[in-house]
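J.: Sending over coords_10.txt (compact mmCIF, C-alpha atoms and all ligand atoms).
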# COMPACT_ATOMS: atom_id res chain seq x y z
CA MET A 1 7.06 4.91 -9.67
CA PRO A 2 4.99 7.34 -11.76
CA ILE A 3 1.95 8.90 -10.18
CA GLU A 4 -1.30 7.33 -11.34
CA LYS A 5 -4.61 9.13 -11.19
CA ILE A 6 -8.29 8.35 -11.30
CA ASN A 7 -10.55 11.34 -11.94
CA TYR A 8 -14.27 10.92 -11.48
CA LYS A 9 -17.35 13.10 -11.33
CA ILE A 10 -20.41 12.89 -9.14
CA ASN A 11 -23.10 15.09 -10.65
CA SER A 12 -21.02 18.13 -11.63
CA ASP A 13 -18.37 17.84 -8.87
CA ASN A 14 -14.87 16.56 -9.63
CA PHE A 15 -13.01 14.10 -7.42
CA CYS A 16 -9.56 12.62 -7.72
CA ILE A 17 -7.55 9.64 -6.45
CA LEU A 18 -3.76 9.78 -6.70
CA TYR A 19 -1.41 6.85 -6.22
CA THR A 20 1.90 8.34 -5.20
CA ASP A 21 4.96 7.99 -2.96
CA LYS A 22 5.19 11.74 -2.32
CA VAL A 23 2.19 13.84 -1.44
CA GLU A 24 3.67 17.34 -1.05
CA ASP A 25 3.42 18.63 -4.65
CA GLN A 26 0.10 16.97 -5.14
CA ILE A 27 -1.36 18.36 -1.92
CA ASN A 28 -0.17 21.82 -2.89
CA LYS A 29 -1.89 21.55 -6.26
CA ALA A 30 -4.98 20.17 -4.54
CA LEU A 31 -5.12 23.05 -2.03
CA ASN A 32 -4.82 25.61 -4.84
CA LEU A 33 -7.46 23.86 -6.90
CA ILE A 34 -10.03 23.88 -4.14
CA ASN A 35 -9.07 27.42 -3.14
CA SER A 36 -8.61 26.46 0.51
CA ASP A 37 -7.65 28.90 3.26
CA LYS A 38 -4.56 26.69 3.88
CA LYS A 39 -5.61 25.84 7.39
CA ILE A 40 -5.44 22.10 7.90
CA LEU A 41 -6.46 19.72 10.65
CA LEU A 42 -4.49 16.48 10.32
CA LEU A 43 -6.37 13.67 12.07
CA TYR A 44 -4.20 10.59 12.30
CA ASP A 45 -4.67 7.09 13.67
CA GLU A 46 -2.85 6.42 16.95
CA ASN A 47 -1.16 3.25 15.66
CA ILE A 48 0.49 4.58 12.52
CA SER A 49 4.27 4.75 13.01
CA ASN A 50 5.59 8.15 14.10
CA ASN A 51 7.86 8.30 11.05
CA LEU A 52 4.99 8.04 8.63
CA VAL A 53 2.93 10.63 10.53
CA SER A 54 5.94 12.99 10.51
CA ASP A 55 6.38 12.42 6.75
CA ILE A 56 2.80 13.47 6.11
CA PHE A 57 2.98 16.34 8.62
CA TYR A 58 6.07 17.84 6.97
CA GLU A 59 4.70 17.30 3.46
CA LEU A 60 1.57 19.22 4.50
CA LYS A 61 3.65 21.90 6.22
CA ALA A 62 5.75 22.38 3.09
CA THR A 63 2.64 23.69 1.35
CA GLY A 64 2.82 26.77 3.56
CA SER A 65 -0.37 25.85 5.38
CA LYS A 66 -1.03 26.16 9.11
CA ILE A 67 -1.26 22.61 10.41
CA TYR A 68 -3.07 21.40 13.52
CA LYS A 69 -2.51 17.78 14.51
CA LYS A 70 -4.87 15.53 16.43
CA LYS A 71 -4.47 11.85 17.22
CA ILE A 72 -7.57 9.76 16.71
CA LYS A 73 -8.26 6.59 18.68
CA SER A 74 -8.67 3.42 16.66
CA LYS A 75 -11.03 0.50 17.34
CA LYS A 76 -14.64 0.32 16.23
CA LYS A 77 -15.94 1.37 19.65
CA ASN A 78 -14.37 4.80 19.02
CA LYS A 79 -16.36 5.21 15.82
CA ASN A 80 -18.97 7.06 17.83
CA ILE A 81 -20.83 10.34 17.97
CA ASP A 82 -18.92 11.60 21.05
CA ASN A 83 -15.67 11.57 19.10
CA VAL A 84 -17.34 13.37 16.21
CA LEU A 85 -18.55 16.10 18.59
CA LYS A 86 -15.09 16.45 20.18
CA ILE A 87 -13.50 17.09 16.79
CA LEU A 88 -16.26 19.52 15.81
CA ASP A 89 -15.57 21.37 19.06
CA PHE A 90 -11.87 21.54 18.21
CA LEU A 91 -12.60 22.96 14.75
CA GLN A 92 -14.95 25.55 16.17
CA SER A 93 -12.66 26.67 18.98
CA ASN A 94 -9.77 27.08 16.53
CA ASN A 95 -11.85 29.11 14.08
CA PHE A 96 -11.74 26.71 11.16
CA THR A 97 -13.86 27.84 8.21
CA LYS A 98 -15.69 26.11 5.37
CA ARG A 99 -12.59 26.61 3.24
CA SER A 100 -10.29 24.88 5.74
CA VAL A 101 -9.24 21.31 5.13
CA LEU A 102 -9.58 18.16 7.17
CA VAL A 103 -6.94 15.59 6.23
CA CYS A 104 -7.50 12.10 7.59
CA PHE A 105 -4.55 9.72 7.78
CA GLY A 106 -5.97 6.48 9.10
CA GLY A 107 -7.96 3.31 8.55
CA GLY A 108 -11.69 2.88 8.06
CA VAL A 109 -12.53 3.99 11.59
CA ALA A 110 -10.62 7.29 11.41
CA GLY A 111 -11.86 7.78 7.83
CA ASP A 112 -15.53 7.31 8.69
CA VAL A 113 -15.30 9.64 11.71
CA SER A 114 -13.41 12.27 9.66
CA ALA A 115 -15.85 12.06 6.74
CA LEU A 116 -18.80 12.63 9.07
CA VAL A 117 -17.06 15.56 10.80
CA SER A 118 -16.23 17.11 7.40
CA ALA A 119 -19.84 16.71 6.27
CA LEU A 120 -21.25 18.29 9.43
CA TYR A 121 -18.87 21.20 10.07
CA MET A 122 -20.54 24.30 8.63
CA ARG A 123 -22.51 21.91 6.39
CA GLY A 124 -19.34 20.72 4.69
CA MET A 125 -15.63 21.51 4.73
CA PHE A 126 -12.90 20.23 2.40
CA PHE A 127 -11.97 16.65 3.09
CA ILE A 128 -8.82 14.82 1.95
CA ASN A 129 -8.32 11.15 2.78
CA ILE A 130 -4.96 9.36 3.04
CA PRO A 131 -6.06 5.80 3.87
CA SER A 132 -3.64 3.80 6.04
CA THR A 133 -5.01 0.22 6.09
CA MET A 134 -5.72 -2.03 3.12
CA THR A 135 -9.48 -1.97 3.88
CA ALA A 136 -9.39 1.81 3.81
CA ILE A 137 -7.21 1.89 0.68
CA VAL A 138 -9.39 -0.38 -1.45
CA ASP A 139 -12.77 0.38 0.00
CA SER A 140 -13.66 2.91 2.67
CA CYS A 141 -11.64 5.85 1.28
CA ILE A 142 -14.13 6.44 -1.54
CA GLY A 143 -17.86 6.22 -2.02
CA GLY A 144 -18.78 8.86 0.51
CA LYS A 145 -20.29 6.69 3.23
CA ALA A 146 -19.74 8.74 6.36
CA ALA A 147 -21.14 7.17 9.50
CA VAL A 148 -20.57 6.19 13.11
CA ASN A 149 -21.91 3.28 15.14
CA TYR A 150 -24.63 3.81 17.73
CA LYS A 151 -25.92 1.46 20.44
CA ASN A 152 -24.36 -1.62 18.82
CA ASN A 153 -25.84 -0.69 15.43
CA ILE A 154 -23.13 -0.45 12.79
CA ASN A 155 -23.08 2.86 10.86
CA LEU A 156 -26.44 3.98 12.28
CA ILE A 157 -25.75 7.74 12.29
CA GLY A 158 -24.40 9.14 9.08
CA THR A 159 -24.67 10.69 5.67
CA TYR A 160 -22.82 10.70 2.34
CA TYR A 161 -19.81 12.96 1.87
CA HIS A 162 -16.96 12.47 -0.58
CA PRO A 163 -13.28 13.33 -0.10
CA LYS A 164 -12.23 15.84 -2.73
CA PHE A 165 -8.86 14.06 -2.99
CA VAL A 166 -7.64 10.63 -1.94
CA PHE A 167 -3.92 9.98 -1.77
CA ILE A 168 -2.88 6.35 -1.87
CA TYR A 169 0.48 6.82 -0.17
CA GLU A 170 2.61 3.98 -1.43
CA LYS A 171 5.10 4.08 1.48
CA ILE A 172 2.39 2.78 3.81
CA LEU A 173 2.05 -0.56 2.10
CA ASN A 174 5.32 -2.26 3.02
CA LYS A 175 5.19 -1.06 6.64
CA LEU A 176 1.58 -2.04 7.30
CA PRO A 177 1.19 -4.76 9.99
CA GLU A 178 0.23 -8.07 8.37
CA ARG A 179 -3.30 -8.11 9.77
CA GLU A 180 -4.12 -4.58 8.58
CA TYR A 181 -2.66 -5.47 5.19
CA LEU A 182 -4.25 -8.87 4.52
CA SER A 183 -7.66 -8.09 5.98
CA GLY A 184 -8.32 -5.69 3.07
CA PHE A 185 -8.28 -8.51 0.51
CA PRO A 186 -11.86 -9.79 1.01
CA GLU A 187 -13.12 -6.39 -0.24
CA ILE A 188 -10.89 -6.86 -3.32
CA ILE A 189 -12.25 -10.39 -3.83
CA LYS A 190 -15.80 -9.01 -3.53
CA CYS A 191 -15.19 -6.40 -6.24
CA ILE A 192 -13.64 -8.94 -8.60
CA LEU A 193 -16.62 -11.26 -8.15
CA ILE A 194 -19.42 -8.73 -8.61
CA ASN A 195 -17.59 -7.31 -11.62
CA LYS A 196 -17.51 -10.85 -13.08
CA ASN A 197 -13.72 -10.89 -13.43
CA ASN A 198 -11.71 -14.07 -13.08
CA LEU A 199 -10.81 -14.53 -9.41
CA LYS A 200 -8.49 -17.43 -10.14
CA SER A 201 -6.28 -15.59 -12.59
CA ILE A 202 -6.34 -12.24 -10.81
CA ILE A 203 -5.88 -13.34 -7.19
CA ASP A 204 -5.19 -17.07 -6.83
CA LYS A 205 -2.36 -17.02 -9.37
CA ASN A 206 -0.81 -13.99 -7.70
CA ILE A 207 -0.86 -15.07 -4.04
CA ASN A 208 2.93 -14.93 -3.79
CA LYS A 209 3.01 -11.40 -5.16
CA ILE A 210 0.37 -10.44 -2.59
CA LEU A 211 2.27 -12.05 0.28
CA ARG A 212 5.57 -10.45 -0.65
CA ARG A 213 3.80 -7.12 -1.30
CA ASP A 214 4.98 -6.79 -4.87
CA LYS A 215 4.78 -3.04 -5.62
CA ILE A 216 3.68 -3.33 -9.23
CA PHE A 217 1.00 -5.90 -8.49
CA LEU A 218 -0.32 -3.90 -5.54
CA LYS A 219 -0.63 -0.76 -7.63
CA TYR A 220 -2.50 -2.73 -10.30
CA ILE A 221 -4.92 -4.46 -7.91
CA ILE A 222 -5.60 -1.39 -5.77
CA MET A 223 -6.36 0.85 -8.76
CA LYS A 224 -8.44 -1.91 -10.39
CA THR A 225 -10.53 -2.36 -7.22
CA LEU A 226 -11.08 1.38 -6.83
CA LYS A 227 -12.17 1.64 -10.49
CA ILE A 228 -14.66 -1.20 -9.96
CA LYS A 229 -16.00 0.44 -6.82
CA ILE A 230 -16.44 3.76 -8.65
CA LYS A 231 -18.26 2.00 -11.50
CA PHE A 232 -20.78 0.58 -9.01
CA PHE A 233 -21.51 3.76 -7.02
CA ILE A 234 -20.98 6.60 -9.48
CA ASN A 235 -24.58 6.71 -10.74
CA ASP A 236 -26.17 5.39 -7.56
CA VAL A 237 -24.52 7.16 -4.64
CA TYR A 238 -27.58 6.75 -2.41
CA GLU A 239 -27.68 3.02 -2.92
CA ASN A 240 -31.00 2.32 -4.58
CA ASN A 241 -29.74 0.07 -7.29
CA LYS A 242 -26.35 -1.02 -8.63
CA ARG A 243 -24.40 0.20 -5.58
CA LEU A 244 -26.23 -2.35 -3.42
CA LEU A 245 -24.07 -5.05 -5.01
CA LEU A 246 -21.02 -3.61 -3.23
CA ASN A 247 -22.72 -5.03 -0.14
CA PHE A 248 -21.99 -8.59 -1.24
CA GLY A 249 -21.12 -10.45 1.97
CA HIS A 250 -22.02 -7.53 4.20
CA THR A 251 -25.47 -8.60 5.50
CA PHE A 252 -23.77 -11.52 7.19
CA ALA A 253 -20.45 -9.74 7.81
CA HIS A 254 -22.11 -6.94 9.77
CA SER A 255 -24.10 -9.40 11.89
CA ILE A 256 -20.97 -11.45 12.65
CA GLU A 257 -18.95 -8.30 13.40
CA ALA A 258 -21.59 -6.80 15.70
CA THR A 259 -22.06 -10.14 17.49
CA THR A 260 -18.38 -10.88 18.09
CA ASP A 261 -17.77 -7.25 19.15
CA LYS A 262 -20.58 -7.60 21.71
CA ILE A 263 -20.09 -11.15 23.02
CA ILE A 264 -16.37 -11.85 22.65
CA LYS A 265 -14.49 -8.53 22.54
CA GLY A 266 -14.37 -5.35 20.52
CA ASP A 267 -12.47 -5.75 17.24
CA PHE A 268 -12.31 -9.56 17.62
CA LEU A 269 -12.61 -9.50 13.84
CA ARG A 270 -11.40 -6.79 11.50
CA HIS A 271 -14.16 -5.59 9.19
CA GLY A 272 -12.42 -7.18 6.20
CA GLU A 273 -12.05 -10.53 7.96
CA ALA A 274 -15.80 -10.52 8.64
CA VAL A 275 -16.43 -9.68 4.96
CA GLY A 276 -14.51 -12.81 3.90
CA ILE A 277 -16.75 -14.99 6.12
CA GLY A 278 -19.78 -12.96 4.96
CA ILE A 279 -19.05 -13.68 1.27
CA ILE A 280 -18.89 -17.43 1.97
CA SER A 281 -22.10 -17.17 4.05
CA GLU A 282 -24.05 -15.42 1.30
CA LEU A 283 -22.90 -18.00 -1.24
CA TYR A 284 -24.14 -20.78 1.09
CA LEU A 285 -27.43 -18.92 1.37
CA SER A 286 -27.63 -18.57 -2.44
CA LYS A 287 -27.25 -22.34 -2.64
CA LEU A 288 -29.94 -23.01 -0.01
CA GLU A 289 -32.40 -20.61 -1.60
CA ASN A 290 -32.09 -22.03 -5.12
CA LYS A 291 -33.07 -25.34 -6.72
CA ASN A 292 -31.07 -25.16 -9.95
CA LYS A 293 -28.45 -27.94 -9.88
CA LYS A 294 -26.05 -26.20 -12.24
CA LEU A 295 -26.14 -23.10 -10.06
CA LYS A 296 -25.55 -25.13 -6.88
CA LYS A 297 -22.51 -26.71 -8.53
CA ASN A 298 -21.21 -23.32 -9.62
CA ILE A 299 -21.67 -21.98 -6.07
CA ASP A 300 -19.70 -24.91 -4.61
CA ILE A 301 -16.84 -24.20 -7.02
CA ASN A 302 -16.87 -20.55 -5.96
CA ILE A 303 -16.98 -21.37 -2.24
CA ASN A 304 -14.04 -23.77 -2.57
CA LEU A 305 -11.94 -21.28 -4.51
CA ILE A 306 -12.67 -18.39 -2.14
CA ALA A 307 -12.05 -20.51 0.98
CA LYS A 308 -8.74 -21.66 -0.52
CA ILE A 309 -7.69 -18.10 -1.31
CA LEU A 310 -8.68 -16.88 2.17
CA GLU A 311 -6.64 -19.67 3.75
CA LYS A 312 -3.56 -18.78 1.67
CA LEU A 313 -4.00 -15.18 2.79
CA LYS A 314 -4.21 -16.34 6.42
CA LEU A 315 -7.79 -15.11 6.63
CA PRO A 316 -10.76 -16.94 8.21
CA SER A 317 -13.50 -18.48 6.06
CA LYS A 318 -15.37 -19.62 9.19
CA LEU A 319 -15.93 -18.15 12.61
CA LEU A 320 -13.85 -20.26 15.00
CA ILE A 321 -14.99 -19.85 18.61
CA SER A 322 -15.26 -21.81 21.83
CA LYS A 323 -18.02 -24.45 21.77
CA TYR A 324 -19.38 -22.98 25.02
CA ILE A 325 -20.55 -19.81 23.32
CA LYS A 326 -21.43 -21.28 19.92
CA GLN A 327 -25.21 -21.30 20.51
CA GLN A 328 -25.20 -17.81 21.99
CA ILE A 329 -23.20 -16.50 19.01
CA ILE A 330 -25.51 -18.14 16.47
CA SER A 331 -28.66 -16.78 18.08
CA GLU A 332 -27.20 -13.25 18.38
CA CYS A 333 -25.98 -13.42 14.76
CA TYR A 334 -29.51 -14.43 13.69
CA THR A 335 -31.07 -11.45 15.50
CA SER A 336 -28.42 -9.14 14.13
CA VAL A 337 -29.06 -10.10 10.48
CA PHE A 338 -32.44 -8.34 10.82
CA LYS A 339 -30.64 -5.03 11.42
CA ASP A 340 -29.63 -5.10 7.75
CA LYS A 341 -29.89 -1.54 6.42
CA LYS A 342 -30.81 -2.73 2.92
CA LYS A 343 -34.06 -4.19 4.28
CA ILE A 344 -37.24 -2.82 2.65
CA SER A 345 -39.73 -5.21 4.31
CA THR A 346 -39.46 -7.40 7.39
CA ARG A 347 -37.01 -9.68 5.60
CA PRO A 348 -33.30 -8.87 5.35
CA ARG A 349 -31.75 -8.66 1.90
CA TYR A 350 -28.48 -10.15 0.75
CA ILE A 351 -26.52 -10.45 -2.48
CA MET A 352 -27.26 -13.70 -4.29
CA LEU A 353 -25.37 -15.44 -7.07
CA SER A 354 -28.05 -16.13 -9.71
CA ASN A 355 -28.51 -18.69 -12.50
CA SER A 356 -27.11 -16.27 -15.07
CA GLY A 357 -23.88 -15.83 -13.07
CA ASP A 358 -24.89 -12.29 -12.11
CA TYR A 359 -25.02 -11.09 -8.54
CA ILE A 360 -28.45 -9.71 -7.58
CA VAL A 361 -30.06 -8.20 -4.47
CA LYS A 362 -32.61 -10.58 -2.93
CA GLU A 363 -34.79 -10.86 0.13
CA ILE A 364 -34.16 -13.99 2.15
CA LYS A 365 -37.02 -16.34 1.16
CA ASN A 366 -36.82 -18.88 3.96
CA LEU A 367 -35.74 -17.39 7.29
CA ASP A 368 -34.73 -20.86 8.60
CA ASN A 369 -31.91 -20.76 6.07
CA ILE A 370 -30.23 -18.00 8.09
CA ASN A 371 -29.69 -20.43 10.96
CA LEU A 372 -28.54 -23.16 8.59
CA VAL A 373 -25.88 -20.80 7.24
CA PHE A 374 -24.70 -19.80 10.72
CA HIS A 375 -24.50 -23.45 11.78
CA LYS A 376 -22.24 -24.04 8.80
CA ILE A 377 -19.91 -21.12 9.34
CA VAL A 378 -19.70 -20.93 13.14
CA ASN A 379 -17.42 -23.68 14.48
N1 LIG B 401 -17.13 4.12 4.60
C1 LIG B 401 -17.06 2.97 3.96
O1 LIG B 401 -17.41 2.85 2.79
C2 LIG B 401 -16.48 1.78 4.68
C3 LIG B 401 -16.13 0.63 3.93
C4 LIG B 401 -15.51 -0.42 4.61
C5 LIG B 401 -15.27 -0.34 5.98
N2 LIG B 401 -15.68 0.77 6.65
C6 LIG B 401 -15.45 0.88 8.08
O2 LIG B 401 -14.06 0.83 8.30
C7 LIG B 401 -13.79 0.25 9.56
C8 LIG B 401 -12.76 -0.82 9.39
O3 LIG B 401 -11.61 -0.28 8.81
P1 LIG B 401 -10.16 -0.81 9.19
O4 LIG B 401 -10.11 -2.27 9.02
O5 LIG B 401 -9.20 0.05 8.46
O6 LIG B 401 -10.14 -0.56 10.75
P2 LIG B 401 -9.36 0.48 11.70
O7 LIG B 401 -9.45 1.85 11.18
O8 LIG B 401 -9.86 0.22 13.06
O9 LIG B 401 -7.86 -0.01 11.60
C9 LIG B 401 -7.52 -1.30 12.07
C10 LIG B 401 -6.31 -1.24 13.01
O10 LIG B 401 -5.17 -0.82 12.26
C11 LIG B 401 -4.49 0.24 12.94
N3 LIG B 401 -3.80 1.01 11.90
C12 LIG B 401 -4.33 1.84 10.98
N4 LIG B 401 -3.39 2.24 10.11
C13 LIG B 401 -2.23 1.68 10.51
C14 LIG B 401 -0.89 1.73 10.03
N5 LIG B 401 -0.58 2.36 8.89
N6 LIG B 401 0.05 1.05 10.72
C15 LIG B 401 -0.27 0.35 11.83
N7 LIG B 401 -1.52 0.24 12.33
C16 LIG B 401 -2.49 0.91 11.66
C17 LIG B 401 -5.60 0.95 13.68
O11 LIG B 401 -5.09 1.67 14.77
C18 LIG B 401 -6.46 -0.23 14.13
O12 LIG B 401 -5.94 -0.79 15.29
C19 LIG B 401 -15.11 -0.27 10.08
O13 LIG B 401 -15.62 0.61 11.03
C20 LIG B 401 -16.00 -0.29 8.86
O14 LIG B 401 -17.36 -0.11 9.17
C21 LIG B 401 -16.24 1.84 6.03
As structure tokens - that is how I would like this structure written.
T.:
Amino acid sequence: MPIEKINYKINSDNFCILYTDKVEDQINKALNLINSDKKILLLYDENISNNLVSDIFYELKATGSKIYKKKIKSKKKNKNIDNVLKILDFLQSNNFTKRSVLVCFGGGVAGDVSALVSALYMRGMFFINIPSTMTAIVDSCIGGKAAVNYKNNINLIGTYYHPKFVFIYEKILNKLPEREYLSGFPEIIKCILINKNNLKSIIDKNINKILRRDKIFLKYIIMKTLKIKIKFFINDVYENNKRLLLNFGHTFAHSIEATTDKIIKGDFLRHGEAVGIGIISELYLSKLENKNKKLKKNIDININLIAKILEKLKLPSKLLISKYIKQQIISECYTSVFKDKKKISTRPRYIMLSNSGDYIVKEIKNLDNINLVFHKIVN
């Protein structure tokens, strides 16, 4: 399939996403363009198949660069500052420079750790991202959010740092385990909704293509989602305005994720799975916080459609847990909602579907509604 590109600019810096099934030539061009010293640290996720890691390793090696390889542990608990320091140590003891390159081949966890390392090492080294899960492909590989978790606070320590190049490596898609593939779709659904595109025609009508991993459809939907994401962050990297809408579902998703990680077990839910439940939760909240009957009806239609799509994609629309811990989960989720990083007063903010059909950032008016939402979605 032909290589497809998205070029974008942030201030005066150029960035590029390439959708390709062969990275060698492209990486070579990229290394020349950024005038790197051709010294590369390849950080790769421990669960990617050896064949794929070797493919990338040899494609990087073919550029004539000196390659160092380091396996990175997956799971959200490893998205921590100790791992960042260990990698920084490695770079320093092997005399990497500002013109060396860090290539990350991994999911959102490896990507976030790598982005933060790249931002910190000598105040910024070249960073190339080759995302390896669907969540990373359609969401975390761009936008520059570089952070690690700290003391059960998601993404507490971080900054913004953008990969100069992102390679969407097509060969990954058909080998990706089902969970790491499907759990990326809630972020796609989110982008389609906030961009006011038709979810029914774009996703619901194409469920079979999604399930059988149709190459042409995947290329279309991945590039479409990345273009939407760019549109929302390009003029608001630091998240004061339009970019906030990319957080649709995330006030609740982060609280559910942090709670289940703490009370049940780490990585009980993939980030994307929590986002699916979070989208439904924030639509319920929109309904509770509004009186307009037409809007309430519209929200119900949306909830039904999204829940149906999630079910077809084998994704949860509710949090199903043992009845013995239900109360504990709900009360921890409630507390956790107040850790929302979008908060500008004592009240958390969320993304609300408004009368006009637009999504807008809103403070939660009635805090009792938070519990009502959790009682609806925790079963
Ligand atoms: N920076 C951002 O803008 C942003 C956006 C969304 C999510 N995130 C972060 O991303 C993380 C979630 O990302 P994720 O869902 O990719 O999680 P992840 O990186 O933990 O990957 C999920 C699982 O898939 C495995 N894996 C990765 N690639 C694989 C492959 N090709 N084959 C087989 N197994 C593979 C990993 O080892 C892990 O077990 C969260 O920490 C979240 O906060 C960041």
J.: Counting all atoms listed in the file, which of A:Lys205, A:Arg270, A:Lys297, A:Lys365 gets nearest to ligand LIG 401 (chain B)?
T.: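 Nearest candidate to ligand LIG 401 (chain B) out of A:Lys205, A:Arg270, A:Lys297, A:Lys365: A:Arg270.
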J.: Between A:Ser93, A:Asn50, A:Ser132, A:Asn80, single out the one closest to Ala147 in chain A, counting all atoms listed in the file.
T.: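 Going through A:Ser93, A:Asn50, A:Ser132, A:Asn80 one by one, the smallest distance to Ala147 in chain A is for A:Asn80.
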J.: From the set A:Leu88, A:Ile6, A:Ile168, A:Val117, which residue has the shortest atom-to-atom contact distance to Thr20 in chain A, counting only C-alpha atoms?
T.: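 Going through A:Leu88, A:Ile6, A:Ile168, A:Val117 one by one, the smallest distance to Thr20 in chain A is for A:Ile168.
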J.: Can you tell me which residues surround Leu33 in chain A at a distance of at most 12 Å, considering all atoms listed in the file, apart from same-chain residues fewer than 6 positions away, and format the answer as a CSV table (one decimal) with C-alpha atoms, in the frame of the given file?
T.:
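The new file out_9.csv reads:
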chain,number,residue,atom,x,y,z
A,14,ASN,CA,-14.9,16.6,-9.6
A,15,PHE,CA,-13.0,14.1,-7.4
A,16,CYS,CA,-9.6,12.6,-7.7
A,26,GLN,CA,0.1,17.0,-5.1
A,27,ILE,CA,-1.4,18.4,-1.9
A,99,ARG,CA,-12.6,26.6,3.2
A,126,PHE,CA,-12.9,20.2,2.4
A,164,LYS,CA,-12.2,15.8,-2.7
A,165,PHE,CA,-8.9,14.1,-3.0
J.: Measure the distance from CA of Glu311 in chain A to CA of Ile279 in chain A in Å and round it to one decimal.
T.: 14.0 Å
J.: Considering all atoms listed in the file, can you say which of A:Asn304, A:Thr259, A:Ser317, A:Asn240 comes closest to Asn153 in chain A?
T.: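 Between A:Asn304, A:Thr259, A:Ser317, A:Asn240, the residue approaching Asn153 in chain A most closely is A:Thr259.
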J.: Got a sec to check which residues lie within 6 Å of ligand LIG 401 (chain B), using only C-alpha atoms and all ligand atoms, and send them as a list of chain:residue names?
T.: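 Residues satisfying the distance criterion: A:Asp45, A:Glu46, A:Asn47, A:Ile48, A:Ser74, A:Lys75, A:Lys76, A:Gly106, A:Gly107, A:Gly108, A:Val109, A:Ala110, A:Asp112, A:Ser132, A:Thr133, A:Thr135, A:Ala136, A:Asp139, A:Ser140, A:Gly143, A:Lys145, A:Ala146, A:Ile172, A:Leu176, A:Pro177, A:Glu180, A:Arg270, A:His271.
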J.: Mind pulling up the distance from CA of Ser281 in chain A to CA of Ile263 in chain A?
T.: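 Those two atoms sit 20.0 Å apart.
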J.: Hey, which of A:Leu244, A:Val378, A:Ile154, A:Val138 ends up closest to Gln327 in chain A? Count only C-alpha atoms.
T.: A:Val378
J.: Do a neighbour search on Ala62 in chain A at 10 Å with only C-alpha atoms, toss out local chain neighbours closer than 2 positions, and write the hits as number ranges by chain.
T.: A: 24-25, 27-28, 56-60, 64-66
J.: Using only C-alpha atoms, which residue out of A:Val373, A:Met134, A:Leu102, A:Ile256 lies closest to Glu289 in chain A?
T.: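 The answer is A:Val373, which sits nearest to Glu289 in chain A.
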